[in-house]
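K.L.:
Contents of structure_1.cif (mmCIF, C-alpha atoms and all ligand atoms):
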```cif
data_coords
loop_
_atom_site.label_atom_id
_atom_site.label_comp_id
_atom_site.auth_asym_id
_atom_site.auth_seq_id
_atom_site.Cartn_x
_atom_site.Cartn_y
_atom_site.Cartn_z
CA MET H 464 51.86 100.64 106.73
CA THR H 465 54.85 98.34 107.09
CA ALA H 466 58.01 98.83 105.03
CA ALA H 467 58.84 96.31 102.30
CA PRO H 468 60.99 93.31 103.29
CA ILE H 469 64.67 93.26 102.30
CA ALA H 470 66.10 90.05 100.85
CA ALA H 471 69.65 89.41 101.99
CA ASP H 472 72.27 86.69 102.29
CA VAL H 473 73.57 87.95 105.61
CA LEU H 474 72.23 90.17 108.36
CA ILE H 475 74.68 91.48 110.95
CA ASP H 476 72.62 92.41 113.98
CA ASN H 477 73.35 93.83 117.42
CA ILE H 478 76.16 96.13 116.22
CA GLY H 479 77.14 98.42 119.12
CA GLN H 480 78.33 101.20 116.82
CA LEU H 481 78.12 101.25 113.03
CA VAL H 482 80.69 103.75 111.82
CA SER H 483 80.94 105.31 108.38
CA ALA H 484 81.81 108.53 106.60
CA PRO H 485 78.92 110.70 105.43
CA GLY H 486 78.56 111.86 101.82
CA LEU H 487 80.40 110.55 98.77
CA GLY H 488 84.02 110.49 97.61
CA ALA H 489 87.02 111.87 99.50
CA LEU H 490 86.51 114.11 102.55
CA ARG H 491 88.69 117.22 102.40
CA GLY H 492 89.80 119.78 104.98
CA SER H 493 87.42 120.31 107.89
CA ALA H 494 84.98 117.76 106.41
CA GLN H 495 87.51 114.99 107.09
CA ALA H 496 86.48 115.10 110.75
CA ASN H 497 82.90 114.08 109.90
CA ILE H 498 81.81 110.60 110.83
CA THR H 499 78.41 109.00 111.35
CA VAL H 500 78.09 106.69 114.36
CA THR H 501 74.87 104.71 114.55
CA ALA H 502 74.30 103.01 117.90
CA ASP H 503 72.51 99.63 118.05
CA ALA H 504 72.70 99.07 114.33
CA ALA H 505 72.26 96.33 111.75
CA LEU H 506 73.60 95.80 108.26
CA ALA H 507 72.27 93.60 105.45
CA ILE H 508 74.35 92.13 102.62
CA ARG H 509 73.40 90.53 99.31
CA ALA H 510 75.89 89.16 96.77
CA GLY H 511 78.81 90.79 98.56
CA VAL H 512 77.25 94.25 98.53
CA ILE H 513 75.59 96.18 101.37
CA VAL H 514 71.87 96.49 100.70
CA ALA H 515 70.84 98.29 103.90
CA ALA H 516 72.47 99.71 107.02
CA GLY H 517 70.94 101.59 109.94
CA PRO H 518 69.32 101.39 113.37
CA ALA H 519 68.59 97.75 114.19
CA ASP H 520 65.08 98.28 115.59
CA ALA H 521 63.83 99.63 112.26
CA LEU H 522 65.99 97.54 109.94
CA ALA H 523 66.42 94.05 111.40
CA PRO H 524 62.69 93.08 111.40
CA ARG H 525 62.48 93.87 107.68
CA VAL H 526 65.43 91.74 106.60
CA ARG H 527 64.85 88.20 105.32
CA ALA H 528 68.37 86.81 105.55
CA GLN H 529 69.73 83.28 105.14
CA THR H 530 72.36 83.91 107.81
CA ARG H 531 72.14 86.10 110.92
CA ILE H 532 75.31 87.14 112.67
CA ASP H 533 75.21 88.56 116.20
CA ALA H 534 77.88 91.28 116.59
CA GLU H 535 77.39 91.09 120.38
CA GLY H 536 77.51 94.86 120.75
CA ARG H 537 80.85 95.30 119.01
CA ALA H 538 81.76 98.26 116.82
CA VAL H 539 81.80 97.77 113.04
CA CYS H 540 83.84 100.01 110.70
CA PRO H 541 84.59 99.94 106.97
CA GLY H 542 87.39 97.61 105.85
CA LEU H 543 90.70 99.48 105.87
CA ILE H 544 92.46 100.40 102.63
CA ASP H 545 96.26 100.50 102.60
CA CYS H 546 96.89 102.77 99.60
CA HIS H 547 100.73 102.73 99.59
CA THR H 548 102.87 99.63 100.16
CA HIS H 549 105.93 97.85 98.83
CA LEU H 550 104.71 94.46 100.04
CA VAL H 551 106.54 92.34 97.44
CA TYR H 552 110.30 91.95 97.94
CA ALA H 553 112.80 89.32 99.00
CA GLY H 554 114.81 89.25 102.21
CA ASP H 555 114.99 92.01 104.81
CA ARG H 556 117.10 94.98 105.92
CA VAL H 557 117.54 94.06 109.54
CA GLY H 558 121.31 94.77 109.32
CA GLU H 559 120.61 98.26 108.00
CA PHE H 560 118.14 98.79 110.83
CA GLU H 561 120.93 98.27 113.31
CA GLN H 562 123.30 100.54 111.33
CA ARG H 563 120.71 103.30 111.49
CA LEU H 564 120.37 102.86 115.24
CA GLN H 565 124.10 103.55 115.38
CA GLY H 566 123.68 106.79 113.44
CA ALA H 567 123.84 105.92 109.71
CA ARG H 568 121.29 107.88 107.65
CA TYR H 569 118.77 106.10 105.40
CA ILE H 570 119.62 108.30 102.46
CA ASP H 571 123.41 107.80 102.85
CA ILE H 572 122.96 104.03 103.00
CA LEU H 573 121.10 104.26 99.66
CA ALA H 574 123.79 106.52 98.14
CA ALA H 575 126.42 103.94 99.18
CA GLY H 576 124.65 101.17 97.23
CA GLY H 577 122.64 99.66 100.10
CA GLY H 578 119.04 100.32 101.09
CA ILE H 579 116.69 99.90 98.12
CA LEU H 580 119.62 98.44 96.13
CA HIS H 581 120.26 95.81 98.80
CA THR H 582 116.62 94.70 98.44
CA MET H 583 116.98 94.87 94.64
CA ARG H 584 119.80 92.30 94.77
CA GLN H 585 117.76 89.93 96.93
CA THR H 586 114.64 90.45 94.81
CA ARG H 587 116.41 89.87 91.49
CA ALA H 588 117.72 86.57 92.84
CA ALA H 589 114.25 85.36 93.86
CA SER H 590 111.73 83.51 91.66
CA VAL H 591 108.16 84.80 91.26
CA GLU H 592 107.04 81.89 93.47
CA ALA H 593 109.53 82.87 96.18
CA LEU H 594 108.39 86.50 96.04
CA VAL H 595 104.77 85.43 96.48
CA ALA H 596 105.66 83.02 99.28
CA GLN H 597 107.44 85.82 101.17
CA ALA H 598 104.71 88.40 100.54
CA ARG H 599 101.81 86.13 101.53
CA PRO H 600 102.34 86.20 105.32
CA ARG H 601 102.79 89.97 105.15
CA LEU H 602 99.48 90.28 103.34
CA LEU H 603 97.82 88.01 105.92
CA ALA H 604 99.21 90.16 108.75
CA LEU H 605 97.89 93.35 107.17
CA ARG H 606 94.50 91.73 106.66
CA GLU H 607 94.30 90.39 110.19
CA SER H 608 94.50 93.95 111.42
CA GLY H 609 91.76 95.11 109.10
CA VAL H 610 93.03 95.70 105.56
CA THR H 611 90.70 94.51 102.78
CA THR H 612 92.28 96.41 99.84
CA VAL H 613 96.01 96.99 99.40
CA GLU H 614 98.12 98.81 96.84
CA VAL H 615 101.45 97.12 96.00
CA LYS H 616 104.35 98.60 94.01
CA THR H 617 107.12 97.12 91.90
CA GLY H 618 110.47 98.90 92.33
CA TYR H 619 112.98 96.33 93.58
CA GLY H 620 113.62 94.76 90.16
CA LEU H 621 114.99 97.85 88.39
CA ASP H 622 115.46 96.05 85.09
CA ARG H 623 112.90 94.86 82.60
CA ALA H 624 112.79 91.17 83.50
CA SER H 625 112.87 91.71 87.26
CA GLU H 626 110.27 94.49 87.24
CA VAL H 627 107.95 92.26 85.17
CA ALA H 628 108.64 89.39 87.59
CA MET H 629 107.65 91.68 90.47
CA PHE H 630 104.48 92.61 88.60
CA GLU H 631 103.69 88.91 88.06
CA ALA H 632 104.21 88.32 91.79
CA ILE H 633 101.79 91.17 92.57
CA ALA H 634 99.21 89.61 90.23
CA ALA H 635 99.76 86.19 91.82
CA LEU H 636 99.25 87.76 95.24
CA ASP H 637 95.93 89.16 94.04
CA ALA H 638 94.99 85.73 92.68
CA LEU H 639 95.34 84.27 96.20
CA ASP H 640 92.11 86.19 96.85
CA LEU H 641 93.11 87.20 100.38
CA CYS H 642 92.74 90.93 99.71
CA ASP H 643 92.02 93.10 96.66
CA VAL H 644 95.40 94.16 95.28
CA ILE H 645 95.93 97.36 93.26
CA PRO H 646 99.23 97.37 91.31
CA THR H 647 101.65 100.26 90.72
CA ALA H 648 104.75 100.40 88.48
CA LEU H 649 107.76 101.90 90.27
CA PRO H 650 110.87 101.16 88.16
CA ALA H 651 112.01 104.73 88.93
CA HIS H 652 112.70 103.85 92.57
CA ALA H 653 116.53 103.90 92.43
CA THR H 654 119.22 103.69 89.74
CA PRO H 655 120.56 100.12 89.51
CA PRO H 656 124.31 99.48 89.61
CA GLU H 657 124.64 98.46 85.94
CA PHE H 658 123.94 102.11 85.10
CA ARG H 659 126.55 103.19 87.65
CA ALA H 660 125.75 106.80 88.49
CA GLU H 661 124.12 107.49 85.12
CA ARG H 662 120.60 108.17 86.28
CA GLU H 663 119.68 109.83 83.01
CA ARG H 664 120.42 106.71 80.97
CA TYR H 665 118.39 104.63 83.44
CA VAL H 666 115.45 107.04 83.14
CA GLU H 667 115.58 106.49 79.37
CA ALA H 668 115.51 102.73 79.92
CA VAL H 669 112.53 103.13 82.26
CA ILE H 670 110.65 105.15 79.65
CA ASP H 671 111.61 103.22 76.51
CA ASP H 672 111.84 99.68 77.85
CA ILE H 673 110.63 98.92 81.38
CA LEU H 674 107.34 100.87 81.50
CA PRO H 675 106.19 99.53 78.09
CA ALA H 676 106.98 95.97 79.29
CA LEU H 677 104.96 96.56 82.47
CA ALA H 678 102.07 98.03 80.46
CA GLU H 679 102.09 94.90 78.31
CA ALA H 680 102.19 92.60 81.33
CA HIS H 681 99.30 94.57 82.85
CA ALA H 682 97.24 94.38 79.64
CA ARG H 683 97.28 90.58 79.73
CA SER H 684 96.90 90.34 83.53
CA ARG H 685 93.94 89.60 85.79
CA PHE H 686 93.99 93.31 86.75
CA ALA H 687 93.10 94.48 83.24
CA ALA H 688 90.43 91.75 83.08
CA ARG H 689 88.89 93.23 86.25
CA GLY H 690 89.12 96.83 85.11
CA ARG H 691 91.89 97.68 87.59
CA ALA H 692 94.32 100.22 86.16
CA LEU H 693 98.07 100.19 86.74
CA GLY H 694 99.54 103.12 88.67
CA VAL H 695 102.89 104.71 87.82
CA ASP H 696 105.08 106.10 90.59
CA ALA H 697 108.61 107.53 90.98
CA PHE H 698 110.84 108.40 93.95
CA CYS H 699 111.43 112.14 93.53
CA GLU H 700 114.35 112.87 95.86
CA ARG H 701 117.95 114.10 95.80
CA GLU H 702 119.37 110.57 96.07
CA ALA H 703 116.80 109.16 93.61
CA PHE H 704 115.22 111.11 90.69
CA SER H 705 114.92 114.82 89.95
CA VAL H 706 111.59 116.57 89.39
CA GLU H 707 112.21 116.61 85.65
CA GLN H 708 113.20 112.93 85.54
CA SER H 709 110.18 111.99 87.64
CA ARG H 710 107.95 114.10 85.40
CA ARG H 711 109.15 112.29 82.29
CA VAL H 712 108.56 108.90 83.93
CA LEU H 713 105.03 109.77 85.08
CA ALA H 714 104.17 111.34 81.70
CA ALA H 715 105.46 108.23 79.89
CA GLY H 716 103.38 106.01 82.17
CA ARG H 717 100.33 108.16 81.59
CA ARG H 718 100.76 107.82 77.81
CA LEU H 719 100.66 104.04 78.39
CA GLY H 720 97.36 104.35 80.30
CA MET H 721 98.81 104.31 83.82
CA ILE H 722 97.58 106.55 86.65
CA PRO H 723 100.33 108.83 88.08
CA THR H 724 101.23 109.07 91.77
CA LEU H 725 104.50 110.26 93.35
CA HIS H 726 106.87 109.64 96.28
CA THR H 727 107.73 113.26 96.97
CA ASP H 728 109.03 115.62 99.67
CA GLN H 729 110.19 112.82 101.97
CA PHE H 730 113.52 114.44 102.84
CA TYR H 731 113.75 117.51 100.57
CA ALA H 732 111.18 119.77 98.93
CA LEU H 733 112.33 119.78 95.31
CA GLY H 734 109.08 120.78 93.59
CA GLY H 735 107.67 117.32 93.02
CA ILE H 736 104.19 118.21 94.32
CA GLU H 737 103.60 120.98 91.81
CA MET H 738 104.83 118.76 88.98
CA ALA H 739 102.70 115.77 90.06
CA LEU H 740 99.58 117.92 90.38
CA ALA H 741 100.15 119.36 86.89
CA LEU H 742 100.11 115.76 85.61
CA GLY H 743 96.84 115.04 87.46
CA ALA H 744 98.45 112.66 89.98
CA ARG H 745 95.88 110.68 91.98
CA SER H 746 98.00 111.21 95.10
CA CYS H 747 101.22 112.76 96.42
CA ASP H 748 102.82 110.57 99.06
CA HIS H 749 105.23 111.10 102.03
CA LEU H 750 105.19 114.96 102.28
CA GLU H 751 107.34 115.13 105.43
CA ALA H 752 109.28 118.09 103.95
CA ALA H 753 106.38 119.72 102.06
CA ALA H 754 106.33 123.54 102.23
CA PRO H 755 103.22 125.62 103.10
CA GLU H 756 102.71 126.69 99.47
CA ASP H 757 102.74 123.04 98.37
CA ARG H 758 100.25 122.12 101.09
CA ALA H 759 98.05 124.90 99.68
CA ARG H 760 98.48 123.44 96.18
CA LEU H 761 97.40 120.03 97.45
CA GLY H 762 94.43 121.62 99.18
CA ALA H 763 93.33 123.29 95.96
CA SER H 764 93.71 120.08 93.93
CA ALA H 765 91.68 116.88 93.56
CA SER H 766 94.73 114.83 94.54
CA ILE H 767 94.99 112.94 97.86
CA ALA H 768 97.79 113.78 100.34
CA VAL H 769 99.05 110.39 101.54
CA VAL H 770 100.99 110.48 104.81
CA LEU H 771 103.10 107.55 105.99
CA PRO H 772 103.58 108.01 109.75
CA ALA H 773 105.13 104.58 110.37
CA CYS H 774 108.13 105.78 108.35
CA ALA H 775 109.14 108.71 110.64
CA PHE H 776 108.34 106.46 113.61
CA ASN H 777 110.69 103.82 112.21
CA PHE H 778 113.41 106.43 111.72
CA GLY H 779 112.95 107.42 115.35
CA ASN H 780 112.58 111.08 114.48
CA THR H 781 109.87 113.71 114.61
CA ALA H 782 109.82 114.53 110.89
CA PHE H 783 106.16 113.67 110.43
CA ALA H 784 104.23 115.22 107.57
CA ASP H 785 102.19 118.22 108.74
CA ALA H 786 98.81 116.55 108.46
CA ARG H 787 97.03 119.34 110.39
CA GLY H 788 98.53 121.90 108.00
CA LEU H 789 97.36 119.82 105.05
CA LEU H 790 93.82 119.68 106.45
CA ALA H 791 93.86 123.41 107.20
CA ALA H 792 94.78 123.96 103.54
CA GLY H 793 91.74 121.92 102.50
CA ALA H 794 93.56 118.74 101.48
CA ALA H 795 92.17 115.21 101.75
CA VAL H 796 94.63 113.23 103.88
CA ALA H 797 95.07 109.47 103.58
CA ILE H 798 97.20 107.25 105.83
CA ALA H 799 99.09 104.18 104.58
CA THR H 800 101.64 101.81 106.13
CA ASP H 801 104.23 102.24 103.32
CA HIS H 802 105.20 98.70 104.27
CA ASN H 803 108.71 98.05 102.93
CA PRO H 804 111.83 96.40 104.33
CA GLY H 805 113.77 99.66 104.82
CA SER H 806 111.88 102.76 105.86
CA SER H 807 108.74 101.09 107.24
CA PRO H 808 108.63 97.39 108.16
CA CYS H 809 105.12 98.01 109.53
CA LEU H 810 102.33 95.46 109.10
CA SER H 811 99.50 97.21 110.92
CA LEU H 812 97.47 100.03 109.42
CA PRO H 813 95.74 100.65 112.79
CA LEU H 814 99.21 101.22 114.26
CA ALA H 815 100.03 103.77 111.53
CA MET H 816 96.69 105.46 112.34
CA ALA H 817 97.47 105.40 116.07
CA ILE H 818 100.82 107.10 115.37
CA ALA H 819 99.06 109.72 113.18
CA CYS H 820 96.69 110.51 116.06
CA ARG H 821 99.56 111.05 118.51
CA TYR H 822 102.24 112.72 116.37
CA GLN H 823 100.21 114.34 113.59
CA ARG H 824 97.29 115.30 115.83
CA LEU H 825 94.58 113.70 113.76
CA THR H 826 91.35 112.93 115.54
CA PRO H 827 90.21 109.29 115.50
CA ALA H 828 87.54 110.25 112.94
CA GLU H 829 90.08 111.97 110.68
CA ALA H 830 92.35 108.93 110.93
CA LEU H 831 89.52 106.51 110.10
CA ASN H 832 88.47 108.54 107.05
CA ALA H 833 92.15 108.69 106.07
CA ALA H 834 92.37 104.89 105.97
CA THR H 835 88.98 104.30 104.32
CA VAL H 836 87.26 106.84 102.05
CA ASN H 837 90.33 108.97 101.34
CA ALA H 838 92.53 105.92 100.76
CA ALA H 839 89.88 104.58 98.36
CA ALA H 840 89.98 107.89 96.49
CA ALA H 841 93.80 107.71 96.35
CA LEU H 842 93.37 104.45 94.44
CA GLY H 843 90.51 105.70 92.26
CA LEU H 844 88.01 103.35 93.94
CA SER H 845 84.46 104.53 94.65
CA ASP H 846 82.80 101.17 95.39
CA ARG H 847 84.23 100.80 98.91
CA GLY H 848 85.23 102.72 102.03
CA ARG H 849 81.76 103.41 103.46
CA LEU H 850 79.17 101.23 105.16
CA MET H 851 76.09 102.18 103.18
CA ALA H 852 73.81 100.59 100.60
CA GLY H 853 75.56 100.01 97.28
CA GLN H 854 79.09 99.73 98.70
CA ARG H 855 81.06 96.50 98.82
CA ALA H 856 80.60 94.61 102.08
CA ASP H 857 84.21 95.09 103.24
CA LEU H 858 84.09 95.65 106.99
CA ILE H 859 85.85 95.04 110.27
CA MET H 860 84.37 94.09 113.60
CA LEU H 861 86.40 95.36 116.55
CA HIS H 862 86.83 93.65 119.90
CA ALA H 863 85.47 96.80 121.57
CA SER H 864 82.03 98.40 121.50
CA ASP H 865 83.53 101.92 121.09
CA TRP H 866 85.07 102.23 117.62
CA ARG H 867 87.80 104.58 118.84
CA HIS H 868 89.56 101.53 120.27
CA LEU H 869 90.82 101.14 116.69
CA VAL H 870 93.39 103.88 117.42
CA TYR H 871 93.32 104.05 121.22
CA GLY H 872 95.31 100.94 122.00
CA PHE H 873 98.41 99.92 120.12
CA GLY H 874 100.71 96.94 119.91
CA GLY H 875 97.84 94.47 119.95
CA ASN H 876 95.20 93.89 117.32
CA PRO H 877 91.95 95.83 117.81
CA VAL H 878 90.25 93.89 114.98
CA ALA H 879 88.28 90.77 115.89
CA ARG H 880 86.88 89.81 112.46
CA VAL H 881 87.37 90.93 108.88
CA MET H 882 84.71 90.63 106.18
CA ARG H 883 85.63 90.99 102.54
CA ALA H 884 82.94 91.17 99.84
CA GLY H 885 80.33 89.76 102.22
CA ARG H 886 82.38 86.86 103.63
CA PHE H 887 84.21 86.66 106.92
CA VAL H 888 87.79 85.62 106.26
O1 LIG Y 1 108.34 104.95 100.56
N1 LIG Y 1 111.33 106.30 99.79
C1 LIG Y 1 111.27 105.47 98.88
N2 LIG Y 1 110.65 104.30 98.91
C2 LIG Y 1 110.20 103.65 100.07
C3 LIG Y 1 111.29 102.95 100.80
C4 LIG Y 1 111.81 101.80 100.05
C5 LIG Y 1 112.91 101.08 100.77
O2 LIG Y 1 113.62 101.66 101.59
O3 LIG Y 1 113.07 99.89 100.45
C6 LIG Y 1 109.43 104.60 100.96
O4 LIG Y 1 109.89 105.01 102.03
FE FE Y 2 106.86 104.11 99.64
#
```
Here is a file; write its structure as structure tokens.
P.N.:
Amino acid sequence: MTAAPIAADVLIDNIGQLVSAPGLGALRGSAQANITVTADAALAIRAGVIVAAGPADALAPRVRAQTRIDAEGRAVCPGLIDCHTHLVYAGDRVGEFEQRLQGARYIDILAAGGGILHTMRQTRAASVEALVAQARPRLLALRESGVTTVEVKTGYGLDRASEVAMFEAIAALDALDLCDVIPTALPAHATPPEFRAERERYVEAVIDDILPALAEAHARSRFAARGRALGVDAFCEREAFSVEQSRRVLAAGRRLGMIPTLHTDQFYALGGIEMALALGARSCDHLEAAAPEDRARLGASASIAVVLPACAFNFGNTAFADARGLLAAGAAVAIATDHNPGSSPCLSLPLAMAIACRYQRLTPAEALNAATVNAAAALGLSDRGRLMAGQRADLIMLHASDWRHLVYGFGGNPVARVMRAGRFV
């Protein structure tokens, strides 16, 4: 008996290695090392969705496809998901970069009114069109090296009009249809100068004024029309917002229908992780300073531990988050670029993964799952991240036939072709 034919738009044949995570949802703890590698594989796509994937000898003869693509023995992996970025901003911080090389500390530059506040001044002065024009090449660079879904935060406006303008720029970036964009509200990123040192009054403005305005902008945006929720984030840190201030911001966002997430434990462990988990945060991000008991809390939770290795690399220090400790505690680790003009001007998620392999001792499989299935879970997405029937056809074809070249080399681009929703870009 012969198996039934499969109708498809596209068949990708002659795949050297087809790589995907087993199972469903996030992979936690020791399971994060699990990966399925199918040699000599094929993959069929209909209407932007994978309809079949598996060994080519069994699959390819059954597929009736309009288009056949020969992968020429290359490795194919899921499209990468960058679950934490600050891609929209104006200008740069190249002067601050040089100051830091001479010994200035990131956190002192912020306390002195530079850093995030420097970018705030440039961002406030830019139009929505200018913000989109500056973000577009960054988005293209991320995509060229494999990213098909990207999260983008506000957080350089720091007043109602400028935060809404940033949100509109994020929506306009999504409308370019280069990548799927997932938006997050981050007005609690720093206290703007008009509030002088009065953080508490600014937190009240965030809760009473800025977050409601962002919720309104989201409700009438293309995101709401596509069922994409708005995240709410805060920078919980000595030079930014306390645990209690961050808690009030996330709780206010949640009341407005936003999904909480938190910048926490980057420099100091203040208790942000416990607070964020109590609010059901989808992820806790940074974690360089996280204590063992907080790693255990993350391991016992459904939240994703997002590590941002390009940030410690950019600071030229060894303060990487303890990703092995997080995995040993049973956490699900995701990796993101944290692209931003200050702490991480990184535009390659494979580079962030390559750093995680070297300095955080992740295996290539753990790093791939961190930038695919676990990153999808950090954004509440279950329709992508794996190469199996029913998932979106977001995939990358590498130059190499062994998929581990994704993290083996660095400084070049291991990705030859990027497919998003069934179309090569
Ligand atoms: O994730 N730490 C806070 N926010 C960003 C940096 C933003 C900036 O420096 O512009 C981060 O590292
Ligand atoms: Fe960040």
K.L.:
Every residue with an atom at most 6 Å from (94.5, 112.7, 98.1) (file coordinates; only C-alpha atoms) is what I'm after, so could you write them as a PDB file with C-alpha atoms, keeping the file's coordinate frame?
P.N.:
```
ATOM      1  CA  SER H 746      98.000 111.210  95.100  1.00  0.00           C
ATOM      2  CA  SER H 766      94.730 114.830  94.540  1.00  0.00           C
ATOM      3  CA  ILE H 767      94.990 112.940  97.860  1.00  0.00           C
ATOM      4  CA  ALA H 768      97.790 113.780 100.340  1.00  0.00           C
ATOM      5  CA  ALA H 795      92.170 115.210 101.750  1.00  0.00           C
ATOM      6  CA  VAL H 796      94.630 113.230 103.880  1.00  0.00           C
ATOM      7  CA  ALA H 841      93.800 107.710  96.350  1.00  0.00           C
TER       8      ALA H 841
END
```
K.L.:
Any idea what the distance is between CA of Ala507 in chain H and CA of Ile469 in chain H?
P.N.:
8.2 Å
K.L.:
Please extract the residues at most 6 Å from ligand LIG 1 (chain Y), counting only C-alpha atoms and all ligand atoms, and provide them as an mmCIF file with C-alpha atoms, keeping the file's coordinate frame, using the chain letters and residue numbers of this document.
P.N.:
```cif
data_model
loop_
_atom_site.group_PDB
_atom_site.id
_atom_site.type_symbol
_atom_site.label_atom_id
_atom_site.label_comp_id
_atom_site.auth_asym_id
_atom_site.auth_seq_id
_atom_site.Cartn_x
_atom_site.Cartn_y
_atom_site.Cartn_z
ATOM 1 C CA GLY H 578 119.040 100.320 101.090
ATOM 2 C CA ILE H 579 116.690 99.900 98.120
ATOM 3 C CA PHE H 698 110.840 108.400 93.950
ATOM 4 C CA ASP H 801 104.230 102.240 103.320
ATOM 5 C CA ASN H 803 108.710 98.050 102.930
ATOM 6 C CA PRO H 804 111.830 96.400 104.330
ATOM 7 C CA GLY H 805 113.770 99.660 104.820
ATOM 8 C CA SER H 806 111.880 102.760 105.860
#
```
K.L.:
Rank H:Ala638, H:Ala574, H:Val482, H:Ala753 by their smallest atom-to-atom distance to Arg599 in chain H, using all atoms listed in the file, and report the top residue only.
P.N.:
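Closest candidate: H:Ala638.
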K.L.:
Neighbours of ligand FE 2 (chain Y) at 10 Å or closer, counting only C-alpha atoms and all ligand atoms: which residues, as a list in words?
P.N.:
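Selection of residues at most 10 Å from ligand FE 2 (chain Y): His547, Thr548, His549, Leu550, Val615, Lys616, Gly618, Leu649, His652, Asp696, Ala697, Phe698, Leu725, His726, Thr727, Gln729, Asp748, His749, Leu771, Cys774, Ala799, Thr800, Asp801, His802, Asn803, Gly805, Ser806 and Ser807 of chain H.
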K.L.:
Find the residue from H:Gln495, H:Ser684, H:Thr501, H:Gln562 that sits nearest to Ser483 in chain H; use only C-alpha atoms when measuring.
P.N.:
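Of H:Gln495, H:Ser684, H:Thr501, H:Gln562, the one nearest Ser483 in chain H is H:Thr501, counting only C-alpha atoms.
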K.L.:
Find, counting all atoms listed in the file, the residue in H:Ala505, H:Val591, H:Ala624, H:Ala496 that gets nearest to Asn477 in chain H.
P.N.:
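Result for the nearest residue to Asn477 in chain H: H:Ala505.
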K.L.:
Tell me, in Å to one decimal, how far CA of Gly788 in chain H is from CA of Ala833 in chain H.
P.N.:
14.8 Å
K.L.:
Which residues come within 9 Å of Ala516 in chain H, counting all atoms listed in the file, excluding same-chain residues fewer than 3 positions away, as a PyMOL selection string?
P.N.:
chain H and resi 481+504-508+513+519+522+850-852
